[in-house]
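Peer 1: Data: data02.cif, mmCIF, C-alpha atoms.
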```cif
data_target
loop_
_atom_site.label_atom_id
_atom_site.label_comp_id
_atom_site.auth_asym_id
_atom_site.auth_seq_id
_atom_site.Cartn_x
_atom_site.Cartn_y
_atom_site.Cartn_z
CA MET A 1 84.30 99.28 96.72
CA ILE A 2 83.87 100.85 100.16
CA GLU A 3 82.31 97.64 101.47
CA LYS A 4 85.29 95.61 100.23
CA PHE A 5 87.69 98.09 101.82
CA LEU A 6 85.90 97.95 105.17
CA ALA A 7 85.79 94.16 105.00
CA ARG A 8 89.59 94.09 104.52
CA ILE A 9 90.25 96.18 107.62
CA GLU A 10 87.44 94.85 109.81
CA ASP A 11 89.61 92.38 111.73
CA ASN A 12 92.92 94.17 111.14
CA TYR A 13 93.63 95.46 114.64
CA TYR A 14 97.03 96.80 113.62
CA PHE A 15 95.28 99.01 111.05
CA HIS A 16 92.83 100.19 113.73
CA MET A 17 95.62 101.16 116.13
CA VAL A 18 97.51 102.98 113.38
CA ALA A 19 94.35 104.87 112.45
CA ILE A 20 93.70 105.87 116.07
CA CYS A 21 97.26 107.21 116.40
CA GLY A 22 96.81 109.05 113.11
CA PHE A 23 93.55 110.68 114.13
CA LEU A 24 94.84 111.72 117.57
CA SER A 25 98.15 112.99 116.16
CA LEU A 26 96.34 115.13 113.60
CA LEU A 27 94.03 116.51 116.28
CA PHE A 28 96.85 117.29 118.72
CA PHE A 29 99.01 118.78 115.98
CA LEU A 30 96.24 121.17 114.90
CA LEU A 31 95.83 122.27 118.53
CA LEU A 32 99.50 123.27 118.78
CA ASP A 33 100.54 126.85 118.17
CA LYS A 34 102.24 127.66 114.85
CA LYS A 35 105.70 127.87 116.39
CA LYS A 36 105.52 124.33 117.76
CA ARG A 37 104.09 122.99 114.50
CA ARG A 38 107.24 124.20 112.74
CA ASP A 39 109.51 122.62 115.36
CA HIS A 40 111.25 119.71 113.60
CA TYR A 41 111.24 117.69 116.83
CA ILE A 42 107.43 117.65 116.55
CA LEU A 43 106.90 118.04 112.80
CA VAL A 44 108.99 115.02 111.77
CA PRO A 45 107.21 112.57 114.16
CA PHE A 46 103.86 113.97 113.01
CA LEU A 47 104.73 113.47 109.34
CA LEU A 48 105.88 109.92 110.08
CA VAL A 49 102.56 109.07 111.74
CA MET A 50 100.69 110.52 108.76
CA LEU A 51 102.95 108.59 106.37
CA VAL A 52 102.18 105.26 108.06
CA ASN A 53 98.45 105.98 107.89
CA PHE A 54 98.77 106.95 104.23
CA TYR A 55 100.55 103.81 103.05
CA GLU A 56 98.40 101.46 105.16
CA VAL A 57 95.24 102.93 103.64
CA MET A 58 96.77 102.96 100.17
CA ALA A 59 98.02 99.36 100.43
CA THR A 60 94.54 98.14 101.40
CA PHE A 61 92.91 100.25 98.70
CA MET A 62 95.24 98.77 96.06
CA VAL A 63 94.11 95.26 97.04
CA VAL A 64 90.40 96.03 96.60
CA ASN A 65 90.80 98.28 93.56
CA LYS A 66 92.71 96.21 91.03
CA PRO A 67 92.26 98.61 88.07
CA ILE A 68 93.90 101.52 89.93
CA ASN A 69 96.59 99.17 91.23
CA GLU A 70 97.30 98.05 87.68
CA ILE A 71 97.67 101.65 86.49
CA PHE A 72 100.40 102.26 89.08
CA HIS A 73 101.94 98.89 88.23
CA ARG A 74 102.19 99.89 84.55
CA LEU A 75 103.94 103.11 85.54
CA LEU A 76 106.58 101.09 87.40
CA THR A 77 107.13 98.14 85.10
CA ASP A 78 106.16 96.38 81.86
CA GLU A 79 105.92 92.99 83.59
CA PRO A 80 102.52 91.22 83.90
CA PHE A 81 100.23 92.54 86.62
CA LEU A 82 99.67 89.98 89.39
CA GLY A 83 97.53 92.10 91.72
CA TRP A 84 100.21 92.63 94.37
CA ASN A 85 100.47 95.76 96.51
CA ALA A 86 104.10 95.13 97.48
CA TRP A 87 105.22 98.26 95.66
CA VAL A 88 103.31 100.42 98.16
CA TYR A 89 105.29 99.04 101.10
CA ASN A 90 108.55 98.92 99.15
CA ILE A 91 108.31 102.63 98.37
CA PHE A 92 106.62 104.17 101.39
CA TYR A 93 107.66 101.83 104.21
CA TYR A 94 111.02 100.43 103.18
CA GLN A 95 112.26 103.62 101.53
CA VAL A 96 110.47 106.81 102.58
CA SER A 97 109.73 105.90 106.21
CA LYS A 98 113.26 104.54 106.77
CA LEU A 99 114.70 107.83 105.54
CA GLY A 100 112.23 109.70 107.76
CA LEU A 101 113.25 107.70 110.83
CA LEU A 102 116.92 108.24 109.99
CA LEU A 103 116.25 111.98 109.76
CA LEU A 104 114.49 111.89 113.12
CA ILE A 105 117.44 110.17 114.78
CA GLY A 106 119.84 112.57 113.06
CA ILE A 107 118.17 115.71 114.41
CA ASN A 108 118.50 114.31 117.93
CA LEU A 109 122.25 113.85 117.67
CA LYS A 110 124.57 116.41 119.25
CA LYS A 111 128.00 115.30 118.08
CA ALA A 112 129.03 116.72 114.70
CA LEU A 113 130.77 113.48 113.66
CA SER A 114 127.65 111.46 114.43
CA LYS A 115 125.55 113.82 112.31
CA LYS A 116 128.00 113.46 109.39
CA ILE A 117 127.88 109.67 109.62
CA VAL A 118 124.07 109.72 109.57
CA LEU A 119 124.14 112.07 106.59
CA ILE A 120 126.47 109.70 104.71
CA LEU A 121 124.24 106.72 105.62
CA GLY A 122 121.22 108.63 104.31
CA ILE A 123 122.93 109.49 101.01
CA VAL A 124 124.11 105.90 100.46
CA PHE A 125 120.64 104.53 101.22
CA LEU A 126 118.95 107.14 99.03
CA LEU A 127 121.22 106.26 96.12
CA TYR A 128 120.39 102.58 96.51
CA CYS A 129 116.67 103.40 96.67
CA ILE A 130 116.89 104.47 93.03
CA TYR A 131 118.21 101.05 91.98
CA PRO A 132 114.98 98.96 92.34
CA TYR A 133 113.17 101.23 89.88
CA PHE A 134 115.50 100.02 87.13
CA SER A 135 116.47 96.58 88.43
CA LYS A 136 115.29 93.36 86.82
CA THR A 137 116.62 91.28 89.71
CA TYR A 138 114.89 93.17 92.52
CA PRO A 139 112.20 95.35 90.88
CA ILE A 140 110.36 97.85 93.07
CA HIS A 141 107.07 95.97 92.61
CA GLY A 142 108.59 92.64 93.68
CA ILE A 143 107.66 90.92 96.94
CA GLN A 144 111.30 90.42 97.91
CA GLN A 145 113.83 93.24 98.31
CA PRO A 146 116.57 91.65 100.49
CA ILE A 147 119.21 94.34 99.90
CA LEU A 148 116.73 97.16 100.48
CA TYR A 149 115.47 95.51 103.68
CA PHE A 150 119.03 94.91 104.89
CA LEU A 151 120.22 98.47 104.22
CA GLY A 152 117.09 100.11 105.67
CA ASN A 153 117.35 98.27 108.96
CA THR A 154 121.14 98.53 109.14
CA ILE A 155 121.27 102.31 108.80
CA LEU A 156 118.69 102.69 111.59
CA ILE A 157 120.59 100.32 113.89
CA ILE A 158 123.84 102.21 113.28
CA ALA A 159 122.18 105.61 113.74
CA SER A 160 120.53 104.44 116.96
CA GLY A 161 123.91 103.25 118.21
CA LEU A 162 125.36 106.70 117.50
CA PHE A 163 122.55 108.27 119.53
CA PHE A 164 123.31 106.06 122.53
CA MET A 165 127.02 106.89 122.22
CA ASP A 166 126.05 110.56 122.36
CA LEU A 167 123.80 109.79 125.32
CA ILE A 168 126.73 108.65 127.47
CA THR A 169 129.35 111.14 126.23
CA GLU A 170 127.67 114.46 125.46
CA GLU A 171 127.24 116.97 128.27
CA TYR A 172 123.68 117.82 127.18
CA PHE A 173 122.49 114.25 127.78
CA ILE A 174 124.47 113.83 131.00
CA GLU A 175 122.54 116.73 132.53
CA ILE A 176 119.07 115.29 131.76
CA ASN A 177 117.05 112.29 132.89
CA PRO A 178 116.88 109.94 129.86
CA LEU A 179 113.73 108.28 131.20
CA ALA A 180 111.90 111.61 130.93
CA TYR A 181 113.30 112.27 127.45
CA LEU A 182 110.92 111.09 124.71
CA PRO A 183 113.58 110.75 121.96
CA PHE A 184 115.32 108.21 124.21
CA TRP A 185 112.18 106.09 124.17
CA TYR A 186 111.33 106.33 120.49
CA ILE A 187 114.92 105.78 119.34
CA THR A 188 115.13 102.75 121.64
CA ILE A 189 111.95 101.39 120.03
CA ILE A 190 113.28 102.17 116.53
CA MET A 191 116.45 100.23 117.34
CA PHE A 192 114.64 97.19 118.77
CA HIS A 193 112.17 97.16 115.89
CA SER A 194 114.99 97.36 113.34
CA VAL A 195 116.88 94.51 115.05
CA ILE A 196 113.76 92.31 115.15
CA VAL A 197 112.97 92.94 111.48
CA PHE A 198 116.65 92.51 110.55
CA MET A 199 116.77 89.06 112.17
CA ALA A 200 113.49 88.05 110.55
CA ASP A 201 114.66 89.16 107.10
CA VAL A 202 117.98 87.31 107.43
CA ALA A 203 116.14 84.07 108.17
CA ILE A 204 113.08 84.75 105.99
CA GLU A 205 113.39 81.65 103.79
CA TYR A 206 113.83 79.29 106.75
CA LEU A 207 111.02 80.92 108.75
CA THR A 208 108.45 81.04 105.94
CA PHE A 209 109.01 77.43 104.85
CA GLU A 210 110.23 75.62 107.97
CA ASN A 211 109.00 77.52 111.02
CA THR A 212 105.97 79.66 110.27
CA ARG A 213 105.07 80.01 113.97
CA VAL A 214 108.31 81.87 114.66
CA TYR A 215 107.77 83.94 111.51
CA TYR A 216 104.33 85.04 112.73
CA MET A 217 105.80 85.78 116.17
CA PHE A 218 108.43 88.07 114.61
CA ASN A 219 105.69 89.74 112.58
CA LEU A 220 103.52 90.25 115.66
CA VAL A 221 106.36 91.68 117.75
CA SER A 222 107.31 93.99 114.88
CA ARG A 223 103.76 95.33 114.63
CA VAL A 224 103.40 95.78 118.40
CA LEU A 225 106.67 97.73 118.53
CA TYR A 226 105.55 99.92 115.63
CA VAL A 227 102.24 100.71 117.32
CA ILE A 228 104.14 101.63 120.49
CA LEU A 229 106.43 103.84 118.41
CA LEU A 230 103.46 105.64 116.86
CA SER A 231 101.92 105.99 120.34
CA VAL A 232 105.08 107.68 121.62
CA PHE A 233 105.00 110.03 118.63
CA THR A 234 101.35 110.79 119.38
CA PHE A 235 102.15 111.53 123.02
CA LEU A 236 105.02 113.80 121.98
CA ILE A 237 102.68 115.76 119.70
CA PHE A 238 100.15 115.96 122.53
CA THR A 239 102.70 117.37 124.99
CA GLY A 240 104.38 119.57 122.39
CA LYS A 241 107.82 118.92 123.84
CA ASN A 242 110.55 116.30 124.09
CA PHE A 243 110.31 115.88 127.84
CA ILE A 244 107.70 114.10 129.92
CA SER A 245 108.48 116.21 132.97
CA ARG A 246 107.54 119.86 133.31
CA THR A 247 111.18 120.89 133.38
CA VAL A 248 111.95 123.21 130.52
CA HIS A 249 114.77 122.13 128.18
CA THR A 250 115.94 123.24 124.78
#
```
Could you take the file, read its structure, and then write that structure out as structure tokens?

Peer 2:
Amino acid sequence: MIEKFLARIEDNYYFHMVAICGFLSLLFFLLLDKKKRRDHYILVPFLLVMLVNFYEVMATFMVVNKPINEIFHRLLTDEPFLGWNAWVYNIFYYQVSKLGLLLLIGINLKKALSKKIVLILGIVFLLYCIYPYFSKTYPIHGIQQPILYFLGNTILIIASGLFFMDLITEEYFIEINPLAYLPFWYITIIMFHSVIVFMADVAIEYLTFENTRVYYMFNLVSRVLYVILLSVFTFLIFTGKNFISRTVHT
């Protein structure tokens, strides 16, 4: 079993980079004092890095361990087991991580109206997340979840836009250098990643059947952006603050 698992990840460089970020983030987080570990500006990015590592390991494990995969499959549906691990990504990537990223953007907003909009987006998305567990059209174990993909990316694009509106209107942001502000960088990456994935999902049928080269390009860019995002989170945990510079901010 271990040999099969290692064989699956041997040439998976994305998995390797995610694992490196996970190991370093855990190490840096443990080296922080207790006060900083409880700081949501650090805790949420740390939990997101751990979440990505968890579902990547779990998704690979489900491929090599069919009996365990089938047990989870039976808990989710009565349909025949086909050996897919799509449910892992549908739950932990397309649902949990999207909500986590939305939360991260929300805690960086300053305007009360922007925070309320993000809260409403989160509630709407959370309510929809319940639907695939009972749906026959788009079951949670299915390989295609177009509405879930659309909503997950859309809420992050909207929330990112609200952050940038705050960035140019709120006094707090006007007084700082955005280039030295780590949330500026990771929210920018979240927005670009969401836009890339959104465009790929909209044209998924054309790309997978008519232009696979472009499909693989979208997939590669998406993965590179996600590794960069995790790297920024890791750096934030290492520094223990939102700013690259030594200037102290709250």

Peer 1: Please, which residues are within 9 Å of (115.9, 100.1, 116.0) by the file's coordinates, counting all atoms listed in the file, and could they come as a list of chain:residue names?

Peer 2: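 Output of the proximity query reads A:Asn153, A:Thr154, A:Leu156, A:Ile157, A:Ile158, A:Ala159, A:Ser160, A:Gly161, A:Tyr186, A:Ile187, A:Thr188, A:Ile189, A:Ile190, A:Met191, A:Phe192, A:His193, A:Ser194, A:Val195, A:Ile196, A:Val197.
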
Peer 1: Would you export the selected residues with C-alpha atoms as a PDB file, keeping the file's coordinate frame, please?

Peer 2:
```pdb
ATOM      1  CA  ASN A 153     117.350  98.270 108.960  1.00  0.00           C
ATOM      2  CA  THR A 154     121.140  98.530 109.140  1.00  0.00           C
ATOM      3  CA  LEU A 156     118.690 102.690 111.590  1.00  0.00           C
ATOM      4  CA  ILE A 157     120.590 100.320 113.890  1.00  0.00           C
ATOM      5  CA  ILE A 158     123.840 102.210 113.280  1.00  0.00           C
ATOM      6  CA  ALA A 159     122.180 105.610 113.740  1.00  0.00           C
ATOM      7  CA  SER A 160     120.530 104.440 116.960  1.00  0.00           C
ATOM      8  CA  GLY A 161     123.910 103.250 118.210  1.00  0.00           C
ATOM      9  CA  TYR A 186     111.330 106.330 120.490  1.00  0.00           C
ATOM     10  CA  ILE A 187     114.920 105.780 119.340  1.00  0.00           C
ATOM     11  CA  THR A 188     115.130 102.750 121.640  1.00  0.00           C
ATOM     12  CA  ILE A 189     111.950 101.390 120.030  1.00  0.00           C
ATOM     13  CA  ILE A 190     113.280 102.170 116.530  1.00  0.00           C
ATOM     14  CA  MET A 191     116.450 100.230 117.340  1.00  0.00           C
ATOM     15  CA  PHE A 192     114.640  97.190 118.770  1.00  0.00           C
ATOM     16  CA  HIS A 193     112.170  97.160 115.890  1.00  0.00           C
ATOM     17  CA  SER A 194     114.990  97.360 113.340  1.00  0.00           C
ATOM     18  CA  VAL A 195     116.880  94.510 115.050  1.00  0.00           C
ATOM     19  CA  ILE A 196     113.760  92.310 115.150  1.00  0.00           C
ATOM     20  CA  VAL A 197     112.970  92.940 111.480  1.00  0.00           C
TER      21      VAL A 197
END
```

Peer 1: Identify, on the basis of all atoms listed in the file, every residue whose closest approach to Pro178 of chain A does not exceed 12 Å; exclude the query and any residue fewer than 2 positions from it along the same chain; express the result as a count of residues only.

Peer 2: 23

Peer 1: What does the distance between atom CA of Tyr55 of chain A and atom CA of Val96 of chain A come to in Å, to one decimal place?

Peer 2: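 Straight-line distance from atom CA of Tyr55 of chain A to atom CA of Val96 of chain A works out to 10.4 Å.
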
Peer 1: Quote the spacing between atom CA of Val88 of chain A and atom CA of Met199 of chain A in Å to one decimal place.

Peer 2: 22.5 Å

Peer 1: Name every residue that the PyMOL selection byres ((chain A and resi 129) around 10) selects in this structure, writing the answer as JSON, numbers by chain with chains first and numbers rising.

Peer 2: {"A": [90, 91, 94, 95, 96, 123, 124, 125, 126, 127, 128, 130, 131, 132, 133, 140, 147, 148, 151, 152]}

Peer 1: For the atom pair atom CA of Met17 of chain A and atom CA of Met217 of chain A, what is the interatomic distance in Å to one decimal place?

Peer 2: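 So the answer is 18.4 Å.
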
Peer 1: Given only C-alpha atoms as the basis, pick out the residue of A:Leu229, A:Ile2, A:Ala203, A:Leu220 nearest to Leu48 of chain A.

Peer 2: A:Leu229

Peer 1: With only C-alpha atoms as the atoms that count, which of A:Lys98, A:His141, A:His73, A:Arg213 lies nearest to Val52 of chain A?

Peer 2: A:Lys98

Peer 1: Might you pull out every residue within 10 Å of Gly106 of chain A, with all atoms listed in the file counted and same-chain residues fewer than 6 positions away left off, and present them as a PyMOL selection string?

Peer 2: chain A and resi 100+114-119+122+159-160+162-163

Peer 1: Kindly save the residues from that selection, with C-alpha atoms included, as a tab-separated table (two decimals), keeping the file's coordinate frame.

Peer 2:
```tsv
chain	number	residue	atom	x	y	z
A	100	GLY	CA	112.23	109.70	107.76
A	114	SER	CA	127.65	111.46	114.43
A	115	LYS	CA	125.55	113.82	112.31
A	116	LYS	CA	128.00	113.46	109.39
A	117	ILE	CA	127.88	109.67	109.62
A	118	VAL	CA	124.07	109.72	109.57
A	119	LEU	CA	124.14	112.07	106.59
A	122	GLY	CA	121.22	108.63	104.31
A	159	ALA	CA	122.18	105.61	113.74
A	160	SER	CA	120.53	104.44	116.96
A	162	LEU	CA	125.36	106.70	117.50
A	163	PHE	CA	122.55	108.27	119.53
```

Peer 1: Counting all atoms listed in the file, which of A:Met165, A:Glu56, A:Leu99, A:Val49 gets nearest to His16 of chain A?

Peer 2: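 Closest to His16 of chain A, using all atoms listed in the file: A:Glu56.
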
Peer 1: Evaluate the PyMOL selection byres ((chain A and resi 204) around 12) against this structure - the residues, as a PyMOL selection string, please.

Peer 2: chain A and resi 144-146+149-150+196-203+205-212+214-216+218-219

Peer 1: Using all atoms listed in the file, pick whichever of A:Thr169, A:Ser231, A:Ser222, A:Ser25 has the shortest atom-to-atom distance to Ile42 of chain A.

Peer 2: A:Ser25

Peer 1: Check what the PyMOL selection byres ((chain A and resi 77) around 10) selects in the file above and give those residues as an MDAnalysis selection string.

Peer 2: chainID A and resid 72:76 78:81 133:134 136 139:141

Peer 1: Can you list, as a list of chain:residue names, every protein, DNA or RNA residue that comes within 12 Å of segment 63-65 of chain A when you count only C-alpha atoms, leaving out same-chain residues fewer than 3 positions away?

Peer 2: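 Contacts, in chain order: A:Met1, A:Ile2, A:Glu3, A:Lys4, A:Phe5, A:Leu6, A:Ala7, A:Arg8, A:Ile9, A:Glu56, A:Val57, A:Met58, A:Ala59, A:Thr60, A:Ile68, A:Asn69, A:Glu70, A:Ile71, A:Phe72, A:Leu82, A:Gly83, A:Trp84, A:Asn85, A:Ala86, A:Trp87, A:Val88.
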
Peer 1: With distances taken over only C-alpha atoms, which of A:Ile20, A:Leu27, A:Ile155, A:Leu101 is nearest to Pro45 of chain A?

Peer 2: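 Answer, going by the shortest atom-to-atom distance: A:Leu101.
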
Peer 1: Between A:Tyr13, A:Tyr41, A:Phe28, A:Phe46, which one has atoms that come closest to Phe233 of chain A, using all atoms listed in the file?

Peer 2: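 The shortest atom-to-atom distance to Phe233 of chain A comes from A:Phe46.
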
Peer 1: Go ahead and fit an axis-aligned box to every listed atom of segment 34-46 of chain A plus 5 Å each side, and pass me the centre and edge lengths in Å, one decimal, as JSON.

Peer 2:
```
{"center_x": 106.7, "center_y": 120.2, "center_z": 114.8, "size_x": 19.0, "size_y": 25.3, "size_z": 16.0}
```
